[in-house]
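**Q** Below you'll find target.cif; it's mmCIF, C-alpha atoms; chains and numbers go by the auth columns.
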```
data_structure
loop_
_atom_site.group_PDB
_atom_site.id
_atom_site.type_symbol
_atom_site.label_atom_id
_atom_site.label_comp_id
_atom_site.label_asym_id
_atom_site.label_seq_id
_atom_site.Cartn_x
_atom_site.Cartn_y
_atom_site.Cartn_z
_atom_site.B_iso_or_equiv
_atom_site.auth_seq_id
_atom_site.auth_asym_id
ATOM 1 C CA GLN A 1 43.572 -10.922 22.405 0.00 30 A
ATOM 2 C CA THR A 2 40.432 -12.954 21.761 0.00 31 A
ATOM 3 C CA LYS A 3 38.952 -14.114 18.483 0.00 32 A
ATOM 4 C CA ALA A 4 35.283 -14.440 17.730 0.00 33 A
ATOM 5 C CA GLN A 5 34.061 -17.960 17.200 0.00 34 A
ATOM 6 C CA GLN A 6 33.561 -18.861 13.571 0.00 35 A
ATOM 7 C CA PRO A 7 30.531 -20.927 12.522 0.00 36 A
ATOM 8 C CA LEU A 8 31.270 -24.498 11.535 0.00 37 A
ATOM 9 C CA PHE A 9 30.241 -25.416 8.012 0.00 38 A
ATOM 10 C CA LYS A 10 30.127 -28.944 6.671 0.00 39 A
ATOM 11 C CA GLN A 11 29.634 -29.619 2.994 0.00 40 A
ATOM 12 C CA PHE A 12 27.498 -32.491 1.717 0.00 41 A
ATOM 13 C CA SER A 13 27.489 -33.774 -1.838 0.00 42 A
ATOM 14 C CA THR A 14 26.735 -36.927 -3.815 0.00 43 A
ATOM 15 C CA GLU A 15 29.652 -38.572 -2.023 0.00 44 A
ATOM 16 C CA GLN A 16 27.693 -38.364 1.245 0.00 45 A
ATOM 17 C CA GLY A 17 24.470 -39.656 -0.302 0.00 46 A
ATOM 18 C CA LEU A 18 22.758 -36.691 -1.958 0.00 47 A
ATOM 19 C CA PRO A 19 21.307 -37.720 -5.328 0.00 48 A
ATOM 20 C CA CYS A 20 22.352 -34.414 -6.901 0.00 49 A
ATOM 21 C CA SER A 21 24.736 -31.560 -6.083 0.00 50 A
ATOM 22 C CA GLU A 22 22.297 -28.880 -7.270 0.00 51 A
ATOM 23 C CA VAL A 23 19.794 -28.190 -4.478 0.00 52 A
ATOM 24 C CA TYR A 24 16.831 -25.804 -4.803 0.00 53 A
ATOM 25 C CA SER A 25 15.369 -25.942 -1.300 0.00 54 A
ATOM 26 C CA VAL A 26 16.574 -26.764 2.215 0.00 55 A
ATOM 27 C CA PHE A 27 14.149 -27.123 5.129 0.00 56 A
ATOM 28 C CA GLN A 28 14.455 -28.354 8.725 0.00 57 A
ATOM 29 C CA ASP A 29 11.263 -29.870 10.136 0.00 58 A
ATOM 30 C CA SER A 30 9.988 -29.804 13.718 0.00 59 A
ATOM 31 C CA LYS A 31 11.656 -33.158 14.464 0.00 60 A
ATOM 32 C CA GLY A 32 15.071 -31.895 13.402 0.00 61 A
ATOM 33 C CA PHE A 33 15.306 -33.707 10.071 0.00 62 A
ATOM 34 C CA ILE A 34 16.733 -31.689 7.183 0.00 63 A
ATOM 35 C CA TRP A 35 14.974 -31.972 3.822 0.00 64 A
ATOM 36 C CA THR A 36 16.411 -30.941 0.473 0.00 65 A
ATOM 37 C CA GLY A 37 14.734 -30.591 -2.910 0.00 66 A
ATOM 38 C CA SER A 38 16.604 -31.034 -6.180 0.00 67 A
ATOM 39 C CA ASN A 39 16.261 -32.247 -9.773 0.00 68 A
ATOM 40 C CA PHE A 40 16.277 -35.797 -8.423 0.00 69 A
ATOM 41 C CA GLY A 41 13.465 -35.562 -5.891 0.00 70 A
ATOM 42 C CA VAL A 42 13.716 -34.952 -2.150 0.00 71 A
ATOM 43 C CA SER A 43 16.194 -36.152 0.459 0.00 72 A
ATOM 44 C CA LYS A 44 15.765 -36.546 4.212 0.00 73 A
ATOM 45 C CA PHE A 45 18.885 -36.175 6.375 0.00 74 A
ATOM 46 C CA ASP A 46 18.914 -37.518 9.943 0.00 75 A
ATOM 47 C CA GLY A 47 22.315 -36.108 10.839 0.00 76 A
ATOM 48 C CA TYR A 48 24.142 -39.188 9.620 0.00 77 A
ATOM 49 C CA ASN A 49 22.564 -40.488 6.428 0.00 78 A
ATOM 50 C CA PHE A 50 20.406 -39.326 3.518 0.00 79 A
ATOM 51 C CA LYS A 51 17.233 -41.138 2.517 0.00 80 A
ATOM 52 C CA ASN A 52 16.255 -40.210 -1.025 0.00 81 A
ATOM 53 C CA PHE A 53 12.742 -40.196 -2.485 0.00 82 A
ATOM 54 C CA ASP A 54 11.854 -40.160 -6.179 0.00 83 A
ATOM 55 C CA LEU A 55 8.976 -41.101 -8.509 0.00 84 A
ATOM 56 C CA GLN A 56 9.004 -44.710 -7.319 0.00 85 A
ATOM 57 C CA ASP A 57 8.399 -43.494 -3.768 0.00 86 A
ATOM 58 C CA GLY A 58 5.310 -41.506 -4.759 0.00 87 A
ATOM 59 C CA LEU A 59 6.564 -38.098 -5.853 0.00 88 A
ATOM 60 C CA PRO A 60 4.479 -36.744 -8.764 0.00 89 A
ATOM 61 C CA GLU A 61 7.586 -35.161 -10.320 0.00 90 A
ATOM 62 C CA LEU A 62 11.318 -35.093 -9.679 0.00 91 A
ATOM 63 C CA THR A 63 12.201 -31.395 -9.684 0.00 92 A
ATOM 64 C CA ILE A 64 11.257 -30.071 -6.233 0.00 93 A
ATOM 65 C CA PHE A 65 11.432 -26.310 -5.666 0.00 94 A
ATOM 66 C CA ASP A 66 9.909 -25.748 -2.238 0.00 95 A
ATOM 67 C CA ILE A 67 9.386 -27.607 1.062 0.00 96 A
ATOM 68 C CA THR A 68 7.259 -26.656 4.066 0.00 97 A
ATOM 69 C CA GLU A 69 5.670 -28.278 7.133 0.00 98 A
ATOM 70 C CA ASP A 70 2.125 -27.920 8.445 0.00 99 A
ATOM 71 C CA SER A 71 0.857 -27.893 12.037 0.00 100 A
ATOM 72 C CA LYS A 72 0.241 -31.662 11.914 0.00 101 A
ATOM 73 C CA GLY A 73 3.900 -32.408 11.167 0.00 102 A
ATOM 74 C CA ARG A 74 3.371 -33.314 7.514 0.00 103 A
ATOM 75 C CA VAL A 75 6.173 -32.195 5.221 0.00 104 A
ATOM 76 C CA TRP A 76 4.906 -30.756 1.918 0.00 105 A
ATOM 77 C CA PHE A 77 6.631 -30.479 -1.455 0.00 106 A
ATOM 78 C CA ILE A 78 5.842 -28.528 -4.614 0.00 107 A
ATOM 79 C CA GLY A 79 7.628 -29.088 -7.886 0.00 108 A
ATOM 80 C CA PHE A 80 8.546 -27.275 -11.081 0.00 109 A
ATOM 81 C CA ASN A 81 5.243 -28.257 -12.701 0.00 110 A
ATOM 82 C CA ASN A 82 3.304 -27.136 -9.591 0.00 111 A
ATOM 83 C CA ASN A 83 2.441 -30.668 -8.457 0.00 112 A
ATOM 84 C CA ILE A 84 2.060 -30.998 -4.688 0.00 113 A
ATOM 85 C CA SER A 85 2.718 -33.990 -2.433 0.00 114 A
ATOM 86 C CA TYR A 86 3.425 -34.522 1.256 0.00 115 A
ATOM 87 C CA TYR A 87 5.266 -36.913 3.588 0.00 116 A
ATOM 88 C CA GLU A 88 3.243 -38.517 6.366 0.00 117 A
ATOM 89 C CA ASN A 89 3.849 -41.646 8.472 0.00 118 A
ATOM 90 C CA GLY A 90 6.848 -42.688 6.433 0.00 119 A
ATOM 91 C CA LYS A 91 5.159 -42.389 3.031 0.00 120 A
ATOM 92 C CA ILE A 92 4.826 -39.749 0.334 0.00 121 A
ATOM 93 C CA LYS A 93 1.223 -39.055 -0.604 0.00 122 A
ATOM 94 C CA LEU A 94 -0.229 -37.113 -3.518 0.00 123 A
ATOM 95 C CA PHE A 95 -2.193 -33.932 -2.955 0.00 124 A
ATOM 96 C CA PRO A 96 -5.635 -34.929 -4.279 0.00 125 A
ATOM 97 C CA PHE A 97 -6.306 -31.626 -6.073 0.00 126 A
ATOM 98 C CA ASN A 98 -3.243 -31.264 -8.286 0.00 127 A
ATOM 99 C CA ARG A 99 -5.507 -31.337 -11.335 0.00 128 A
ATOM 100 C CA ALA A 100 -7.269 -28.205 -10.118 0.00 129 A
ATOM 101 C CA ILE A 101 -3.924 -26.391 -9.984 0.00 130 A
ATOM 102 C CA GLN A 102 -2.960 -27.645 -13.434 0.00 131 A
ATOM 103 C CA LYS A 103 -6.298 -26.472 -14.823 0.00 132 A
ATOM 104 C CA LEU A 104 -5.835 -23.061 -13.252 0.00 133 A
ATOM 105 C CA THR A 105 -2.341 -22.569 -14.651 0.00 134 A
ATOM 106 C CA LEU A 106 -3.209 -23.963 -18.095 0.00 135 A
ATOM 107 C CA GLY A 107 -2.681 -21.418 -20.842 0.00 136 A
ATOM 108 C CA HIS A 108 0.001 -19.484 -18.992 0.00 137 A
ATOM 109 C CA ARG A 109 3.277 -20.044 -20.751 0.00 138 A
ATOM 110 C CA ILE A 110 5.229 -19.286 -17.601 0.00 139 A
ATOM 111 C CA CYS A 111 3.286 -19.553 -14.354 0.00 140 A
ATOM 112 C CA ILE A 112 5.925 -19.664 -11.661 0.00 141 A
ATOM 113 C CA LYS A 113 5.181 -20.608 -8.081 0.00 142 A
ATOM 114 C CA ASN A 114 6.376 -17.787 -5.806 0.00 143 A
ATOM 115 C CA SER A 115 5.413 -19.031 -2.340 0.00 144 A
ATOM 116 C CA PHE A 116 3.616 -21.931 -0.705 0.00 145 A
ATOM 117 C CA TYR A 117 1.884 -22.480 2.653 0.00 146 A
ATOM 118 C CA VAL A 118 -0.479 -24.959 4.360 0.00 147 A
ATOM 119 C CA ASP A 119 -2.511 -23.626 7.284 0.00 148 A
ATOM 120 C CA ALA A 120 -3.875 -25.399 10.373 0.00 149 A
ATOM 121 C CA ASN A 121 -7.211 -26.083 8.621 0.00 150 A
ATOM 122 C CA ASP A 122 -5.522 -27.887 5.699 0.00 151 A
ATOM 123 C CA ASN A 123 -6.078 -25.002 3.306 0.00 152 A
ATOM 124 C CA VAL A 124 -3.259 -24.807 0.766 0.00 153 A
ATOM 125 C CA TYR A 125 -2.105 -21.365 -0.366 0.00 154 A
ATOM 126 C CA VAL A 126 0.051 -20.968 -3.469 0.00 155 A
ATOM 127 C CA SER A 127 1.025 -17.702 -5.121 0.00 156 A
ATOM 128 C CA PHE A 128 1.804 -17.587 -8.822 0.00 157 A
ATOM 129 C CA SER A 129 3.177 -14.940 -11.104 0.00 158 A
ATOM 130 C CA TYR A 130 0.341 -13.711 -13.383 0.00 159 A
ATOM 131 C CA LEU A 131 -2.329 -15.277 -11.134 0.00 160 A
ATOM 132 C CA GLY A 132 -1.736 -13.928 -7.649 0.00 161 A
ATOM 133 C CA LEU A 133 -2.560 -15.875 -4.482 0.00 162 A
ATOM 134 C CA ILE A 134 -4.878 -18.888 -4.697 0.00 163 A
ATOM 135 C CA LYS A 135 -6.405 -21.025 -1.958 0.00 164 A
ATOM 136 C CA ILE A 136 -7.369 -24.706 -2.227 0.00 165 A
ATOM 137 C CA THR A 137 -9.680 -25.939 0.528 0.00 166 A
ATOM 138 C CA PRO A 138 -9.644 -29.518 1.928 0.00 167 A
ATOM 139 C CA LYS A 139 -12.692 -30.209 -0.293 0.00 168 A
ATOM 140 C CA GLY A 140 -10.927 -29.042 -3.430 0.00 169 A
ATOM 141 C CA PHE A 141 -12.554 -25.651 -3.893 0.00 170 A
ATOM 142 C CA VAL A 142 -10.156 -23.227 -5.568 0.00 171 A
ATOM 143 C CA THR A 143 -10.467 -19.485 -5.050 0.00 172 A
ATOM 144 C CA ASN A 144 -8.330 -16.536 -6.046 0.00 173 A
ATOM 145 C CA VAL A 145 -7.744 -14.868 -2.686 0.00 174 A
ATOM 146 C CA ASP A 146 -6.037 -11.818 -4.124 0.00 175 A
ATOM 147 C CA THR A 147 -4.456 -10.771 -7.389 0.00 176 A
ATOM 148 C CA ILE A 148 -1.175 -9.651 -5.837 0.00 177 A
ATOM 149 C CA ARG A 149 1.112 -10.055 -8.808 0.00 178 A
ATOM 150 C CA ASP A 150 4.195 -8.546 -7.275 0.00 179 A
ATOM 151 C CA ASN A 151 6.246 -11.637 -6.501 0.00 180 A
ATOM 152 C CA ILE A 152 5.375 -12.846 -3.005 0.00 181 A
ATOM 153 C CA ALA A 153 8.474 -13.709 -1.020 0.00 182 A
ATOM 154 C CA SER A 154 6.856 -15.631 1.835 0.00 183 A
ATOM 155 C CA ILE A 155 3.574 -16.670 3.417 0.00 184 A
ATOM 156 C CA ILE A 156 3.545 -17.415 7.139 0.00 185 A
ATOM 157 C CA GLN A 157 0.873 -17.548 9.842 0.00 186 A
ATOM 158 C CA VAL A 158 1.073 -15.003 12.643 0.00 187 A
ATOM 159 C CA ASP A 159 -1.623 -14.471 15.296 0.00 188 A
ATOM 160 C CA HIS A 160 -4.296 -16.387 13.342 0.00 189 A
ATOM 161 C CA ARG A 161 -3.630 -14.359 10.218 0.00 190 A
ATOM 162 C CA LEU A 162 -1.605 -15.023 7.109 0.00 191 A
ATOM 163 C CA LEU A 163 1.274 -12.602 6.754 0.00 192 A
ATOM 164 C CA ILE A 164 1.980 -12.008 3.072 0.00 193 A
ATOM 165 C CA ALA A 165 5.425 -10.509 2.459 0.00 194 A
ATOM 166 C CA GLN A 166 6.168 -9.149 -0.993 0.00 195 A
ATOM 167 C CA HIS A 167 9.632 -8.706 -2.448 0.00 196 A
ATOM 168 C CA THR A 168 9.090 -4.937 -2.612 0.00 197 A
ATOM 169 C CA GLY A 169 8.870 -4.724 1.171 0.00 198 A
ATOM 170 C CA ILE A 170 5.077 -4.563 1.445 0.00 199 A
ATOM 171 C CA PHE A 171 3.410 -6.629 4.165 0.00 200 A
ATOM 172 C CA ASN A 172 -0.268 -7.617 4.083 0.00 201 A
ATOM 173 C CA LYS A 173 -2.299 -9.647 6.555 0.00 202 A
ATOM 174 C CA LEU A 174 -5.175 -11.896 5.562 0.00 203 A
ATOM 175 C CA ASP A 175 -7.780 -12.148 8.318 0.00 204 A
ATOM 176 C CA PHE A 176 -9.241 -15.685 8.351 0.00 205 A
ATOM 177 C CA LYS A 177 -12.581 -14.497 9.757 0.00 206 A
ATOM 178 C CA THR A 178 -13.274 -11.570 7.431 0.00 207 A
ATOM 179 C CA LYS A 179 -11.190 -12.939 4.528 0.00 208 A
ATOM 180 C CA ALA A 180 -9.954 -9.405 3.990 0.00 209 A
ATOM 181 C CA PHE A 181 -6.449 -8.096 3.470 0.00 210 A
ATOM 182 C CA LYS A 182 -5.125 -5.385 5.736 0.00 211 A
ATOM 183 C CA ALA A 183 -1.955 -3.553 4.828 0.00 212 A
ATOM 184 C CA SER A 184 0.646 -3.839 7.576 0.00 213 A
ATOM 185 C CA ILE A 185 3.221 -1.542 6.075 0.00 214 A
ATOM 186 C CA ALA A 186 2.576 1.013 8.840 0.00 215 A
ATOM 187 C CA ASN A 187 3.230 -1.547 11.546 0.00 216 A
ATOM 188 C CA THR A 188 6.344 -0.395 13.435 0.00 217 A
ATOM 189 C CA LEU A 189 7.328 -4.018 14.033 0.00 218 A
ATOM 190 C CA PHE A 190 8.320 -4.293 10.392 0.00 219 A
ATOM 191 C CA ALA A 191 9.950 -0.869 10.075 0.00 220 A
ATOM 192 C CA PRO A 192 13.483 -2.359 9.907 0.00 221 A
ATOM 193 C CA ALA A 193 12.474 -4.416 6.871 0.00 222 A
ATOM 194 C CA LEU A 194 10.554 -1.751 4.977 0.00 223 A
ATOM 195 C CA ASN A 195 11.999 -0.257 1.805 0.00 224 A
ATOM 196 C CA ARG A 196 14.274 -3.249 1.390 0.00 225 A
ATOM 197 C CA SER A 197 14.069 -6.094 -1.074 0.00 226 A
ATOM 198 C CA ILE A 198 12.605 -8.967 0.952 0.00 227 A
ATOM 199 C CA MET A 199 13.704 -12.458 -0.027 0.00 228 A
ATOM 200 C CA ALA A 200 12.168 -14.559 2.765 0.00 229 A
ATOM 201 C CA VAL A 201 10.255 -14.366 6.043 0.00 230 A
ATOM 202 C CA TYR A 202 10.298 -17.087 8.694 0.00 231 A
ATOM 203 C CA ALA A 203 8.471 -17.356 12.032 0.00 232 A
ATOM 204 C CA SER A 204 10.771 -19.298 14.347 0.00 233 A
ATOM 205 C CA ASP A 205 8.506 -18.995 17.383 0.00 234 A
ATOM 206 C CA LYS A 206 5.583 -16.952 18.694 0.00 235 A
ATOM 207 C CA GLN A 207 7.848 -14.149 19.832 0.00 236 A
ATOM 208 C CA SER A 208 9.849 -13.227 16.736 0.00 237 A
ATOM 209 C CA ILE A 209 10.035 -13.245 12.965 0.00 238 A
ATOM 210 C CA PHE A 210 13.139 -13.472 10.787 0.00 239 A
ATOM 211 C CA VAL A 211 13.193 -11.306 7.653 0.00 240 A
ATOM 212 C CA ALA A 212 15.869 -11.786 4.987 0.00 241 A
ATOM 213 C CA CYS A 213 16.568 -8.609 2.999 0.00 242 A
ATOM 214 C CA ASN A 214 19.457 -8.843 0.557 0.00 243 A
ATOM 215 C CA ASN A 215 22.565 -8.927 2.766 0.00 244 A
ATOM 216 C CA TYR A 216 20.619 -8.308 5.997 0.00 245 A
ATOM 217 C CA LEU A 217 19.079 -10.842 8.352 0.00 246 A
ATOM 218 C CA ILE A 218 16.632 -9.053 10.658 0.00 247 A
ATOM 219 C CA ARG A 219 14.972 -10.627 13.693 0.00 248 A
ATOM 220 C CA VAL A 220 11.878 -8.658 14.703 0.00 249 A
ATOM 221 C CA TYR A 221 10.408 -9.236 18.186 0.00 250 A
ATOM 222 C CA LYS A 222 6.795 -8.677 19.232 0.00 251 A
ATOM 223 C CA ASP A 223 7.722 -5.927 21.641 0.00 252 A
ATOM 224 C CA GLY A 224 9.133 -3.858 18.787 0.00 253 A
ATOM 225 C CA HIS A 225 12.898 -4.251 19.170 0.00 254 A
ATOM 226 C CA TYR A 226 14.944 -6.001 16.549 0.00 255 A
ATOM 227 C CA GLU A 227 18.380 -7.399 15.831 0.00 256 A
ATOM 228 C CA LYS A 228 20.087 -6.903 12.491 0.00 257 A
ATOM 229 C CA ARG A 229 23.018 -8.872 11.157 0.00 258 A
ATOM 230 C CA ILE A 230 24.945 -8.145 7.972 0.00 259 A
ATOM 231 C CA MET A 231 25.667 -11.363 6.086 0.00 260 A
ATOM 232 C CA SER A 232 28.647 -12.045 3.847 0.00 261 A
ATOM 233 C CA GLY A 233 26.419 -12.280 0.773 0.00 262 A
ATOM 234 C CA PRO A 234 22.821 -11.906 -0.416 0.00 263 A
ATOM 235 C CA ILE A 235 20.259 -14.262 1.153 0.00 264 A
ATOM 236 C CA ILE A 236 18.186 -16.080 -1.455 0.00 265 A
#
```
Go ahead and render the structure in this file as structure tokens.

**A**
Amino acid sequence: QTKAQQPLFKQFSTEQGLPCSEVYSVFQDSKGFIWTGSNFGVSKFDGYNFKNFDLQDGLPELTIFDITEDSKGRVWFIGFNNNISYYENGKIKLFPFNRAIQKLTLGHRICIKNSFYVDANDNVYVSFSYLGLIKITPKGFVTNVDTIRDNIASIIQVDHRLLIAQHTGIFNKLDFKTKAFKASIANTLFAPALNRSIMAVYASDKQSIFVACNNYLIRVYKDGHYEKRIMSGPII
């Protein structure tokens, strides 16, 4: 009789160097470092130790909700008050157009960031409840790309297009050349994920995309086949 191998889990807390036990975001960058966002800033884990960053290190605010990495290897952060910063060459730097975001969200009592992405041309995309998807160019021009107000689960880049995945299971692609949205709901590649509540989408490589739908983790390959795994609990 054989037993399936069980995954190894290791728990980290303030005893191991985290500044806070409540973590809002976990992200592994292309170099293998693991980043966490919490009420006390961001932490970088090298496999042995945590290095913590706060206001004194350049963060514009302490509560960090989301972390992502761009094609240049910069690690980006966005906080509760929608302030953006990024880590480059050992230092945290402020996004120069945070004021434009604050001006845009001014007057909205609750303007929650839903998803966040930085493309290869340094354009920053942020989706907000009540506002939809906005784009900030490297020169600071702010445009409302689309007024999709259904909460956007994820924004990723696939085949030179932005793939916009909504929680309701709708996929849209933004063509960079035409700047037009094209509905991808009919695309058979995403059939396993349709009609499910999508929580997150992640492109691990050029051949597949991971889609988290409640208790399901679905890996969709370019050739159309997919693998589905039932998790022990909902994926958030």

**Q** So how many Å separate CA of Glu256 (chain A) and CA of Ser59 (chain A), to one decimal?

**A**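 Taking CA of Glu256 (chain A) and CA of Ser59 (chain A), their separation equals 24.0 Å.
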
**Q** Go through A:Met260, A:Ala149, A:Ile93, A:Leu88 and flag the residue nearest Lys122 (chain A), using all atoms listed in the file for the distances.

**A**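 Closest candidate: A:Leu88.
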
**Q** Using only C-alpha atoms for the distances, tell me which of A:Tyr146, A:Ile130, A:Lys80, A:Lys101 is nearest to Asn173 (chain A).

**A**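 Of all the options, A:Ile130 lies closest to Asn173 (chain A).
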
**Q** Env of region 65-69 of chain A: 7 Å cut, atoms = only C-alpha atoms, seq-sep filter 3 positions within chain, self excluded. Answer as a list in words.

**A** Pro48, Cys49, Glu51, Val52, Tyr53, Ser54, Val55, Phe56, Ser72, Lys73, Asp83, Leu91, Thr92, Ile93, Phe94 and Asp95 of chain A

**Q** Any chance you could work out the residue set of the PyMOL selection byres ((chain A and resi 111-118) around 8) here, as a list in words?

**A**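 Evaluating the PyMOL selection byres ((chain A and resi 111-118) around 8) on these coordinates yields Leu88, Pro89, Glu90, Gly102, Arg103, Val104, Trp105, Phe106, Ile107, Gly108, Phe109, Asn110, Gly119, Lys120, Ile121, Lys122, Leu123, Phe124, Asn127, Ile130, Gln131 and Lys142 of chain A.
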
**Q** Output C-alpha atoms for every residue in the selection just made, as a PDB file, in the frame of the given file.

**A**
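Heads up, here's the output in result_12.pdb:
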```
ATOM      1  CA  LEU A  88       6.564 -38.098  -5.853  1.00  0.00           C
ATOM      2  CA  PRO A  89       4.479 -36.744  -8.764  1.00  0.00           C
ATOM      3  CA  GLU A  90       7.586 -35.161 -10.320  1.00  0.00           C
ATOM      4  CA  GLY A 102       3.900 -32.408  11.167  1.00  0.00           C
ATOM      5  CA  ARG A 103       3.371 -33.314   7.514  1.00  0.00           C
ATOM      6  CA  VAL A 104       6.173 -32.195   5.221  1.00  0.00           C
ATOM      7  CA  TRP A 105       4.906 -30.756   1.918  1.00  0.00           C
ATOM      8  CA  PHE A 106       6.631 -30.479  -1.455  1.00  0.00           C
ATOM      9  CA  ILE A 107       5.842 -28.528  -4.614  1.00  0.00           C
ATOM     10  CA  GLY A 108       7.628 -29.088  -7.886  1.00  0.00           C
ATOM     11  CA  PHE A 109       8.546 -27.275 -11.081  1.00  0.00           C
ATOM     12  CA  ASN A 110       5.243 -28.257 -12.701  1.00  0.00           C
ATOM     13  CA  GLY A 119       6.848 -42.688   6.433  1.00  0.00           C
ATOM     14  CA  LYS A 120       5.159 -42.389   3.031  1.00  0.00           C
ATOM     15  CA  ILE A 121       4.826 -39.749   0.334  1.00  0.00           C
ATOM     16  CA  LYS A 122       1.223 -39.055  -0.604  1.00  0.00           C
ATOM     17  CA  LEU A 123      -0.229 -37.113  -3.518  1.00  0.00           C
ATOM     18  CA  PHE A 124      -2.193 -33.932  -2.955  1.00  0.00           C
ATOM     19  CA  ASN A 127      -3.243 -31.264  -8.286  1.00  0.00           C
ATOM     20  CA  ILE A 130      -3.924 -26.391  -9.984  1.00  0.00           C
ATOM     21  CA  GLN A 131      -2.960 -27.645 -13.434  1.00  0.00           C
ATOM     22  CA  LYS A 142       5.181 -20.608  -8.081  1.00  0.00           C
TER      23      LYS A 142
END
```

**Q** In Å to one decimal, how far is CA of Asn81 (chain A) from CA of Ser156 (chain A)?

**A**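 These two atoms are separated by 27.5 Å.
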
**Q** Quick one: distance from CA of Ile163 (chain A) to CA of Arg128 (chain A) in Å, one decimal?

**A**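 So the two atoms, CA of Ile163 (chain A) and CA of Arg128 (chain A), lie 14.1 Å apart.
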
**Q** List as a PyMOL selection string the protein and nucleic acid residues near Gly169 (chain A), meaning an atom at most 10 Å away when all atoms listed in the file are counted, but skip any in the same chain fewer than 2 places from it.

**A** chain A and resi 125-130+152-153+164-167+171-172

**Q** Save region 107-118 of chain A of the structure in the block above to a file, with N, CA, C and O atoms included, as a short mmCIF file (atom, residue, chain, number, x, y, z; two decimals), in the first residue's frame.

**A**
```cif
data_model
loop_
_atom_site.label_atom_id
_atom_site.label_comp_id
_atom_site.auth_asym_id
_atom_site.auth_seq_id
_atom_site.Cartn_x
_atom_site.Cartn_y
_atom_site.Cartn_z
N ILE A 107 1.04 48.49 -4.12
CA ILE A 107 -0.05 49.47 -4.03
C ILE A 107 -0.72 49.29 -2.68
O ILE A 107 -0.93 48.16 -2.21
N GLY A 108 -1.03 50.41 -2.03
CA GLY A 108 -1.54 50.37 -0.68
C GLY A 108 -3.02 50.65 -0.55
O GLY A 108 -3.74 50.86 -1.54
N PHE A 109 -3.48 50.67 0.67
CA PHE A 109 -4.89 50.90 0.99
C PHE A 109 -5.39 52.23 0.44
O PHE A 109 -6.53 52.34 -0.03
N ASN A 110 -4.56 53.25 0.48
CA ASN A 110 -4.92 54.57 -0.02
C ASN A 110 -4.55 54.77 -1.48
O ASN A 110 -4.48 55.91 -1.96
N ASN A 111 -4.26 53.67 -2.17
CA ASN A 111 -3.98 53.66 -3.62
C ASN A 111 -2.68 54.38 -3.99
O ASN A 111 -2.54 54.87 -5.11
N ASN A 112 -1.74 54.45 -3.05
CA ASN A 112 -0.42 54.98 -3.36
C ASN A 112 0.46 53.84 -3.90
O ASN A 112 0.46 52.74 -3.35
N ILE A 113 1.21 54.16 -4.95
CA ILE A 113 2.04 53.15 -5.61
C ILE A 113 3.52 53.45 -5.39
O ILE A 113 3.93 54.61 -5.39
N SER A 114 4.30 52.41 -5.22
CA SER A 114 5.76 52.52 -5.14
C SER A 114 6.36 51.26 -5.74
O SER A 114 5.64 50.31 -6.06
N TYR A 115 7.67 51.24 -5.93
CA TYR A 115 8.31 50.05 -6.48
C TYR A 115 9.73 49.90 -5.94
O TYR A 115 10.35 50.86 -5.49
N TYR A 116 10.21 48.65 -5.97
CA TYR A 116 11.55 48.31 -5.47
C TYR A 116 12.47 48.08 -6.67
O TYR A 116 12.18 47.27 -7.55
N GLU A 117 13.56 48.83 -6.69
CA GLU A 117 14.52 48.72 -7.78
C GLU A 117 15.93 48.99 -7.26
O GLU A 117 16.16 49.97 -6.55
N ASN A 118 16.86 48.11 -7.60
CA ASN A 118 18.27 48.27 -7.20
C ASN A 118 18.44 48.50 -5.71
O ASN A 118 19.22 49.34 -5.26
#
```
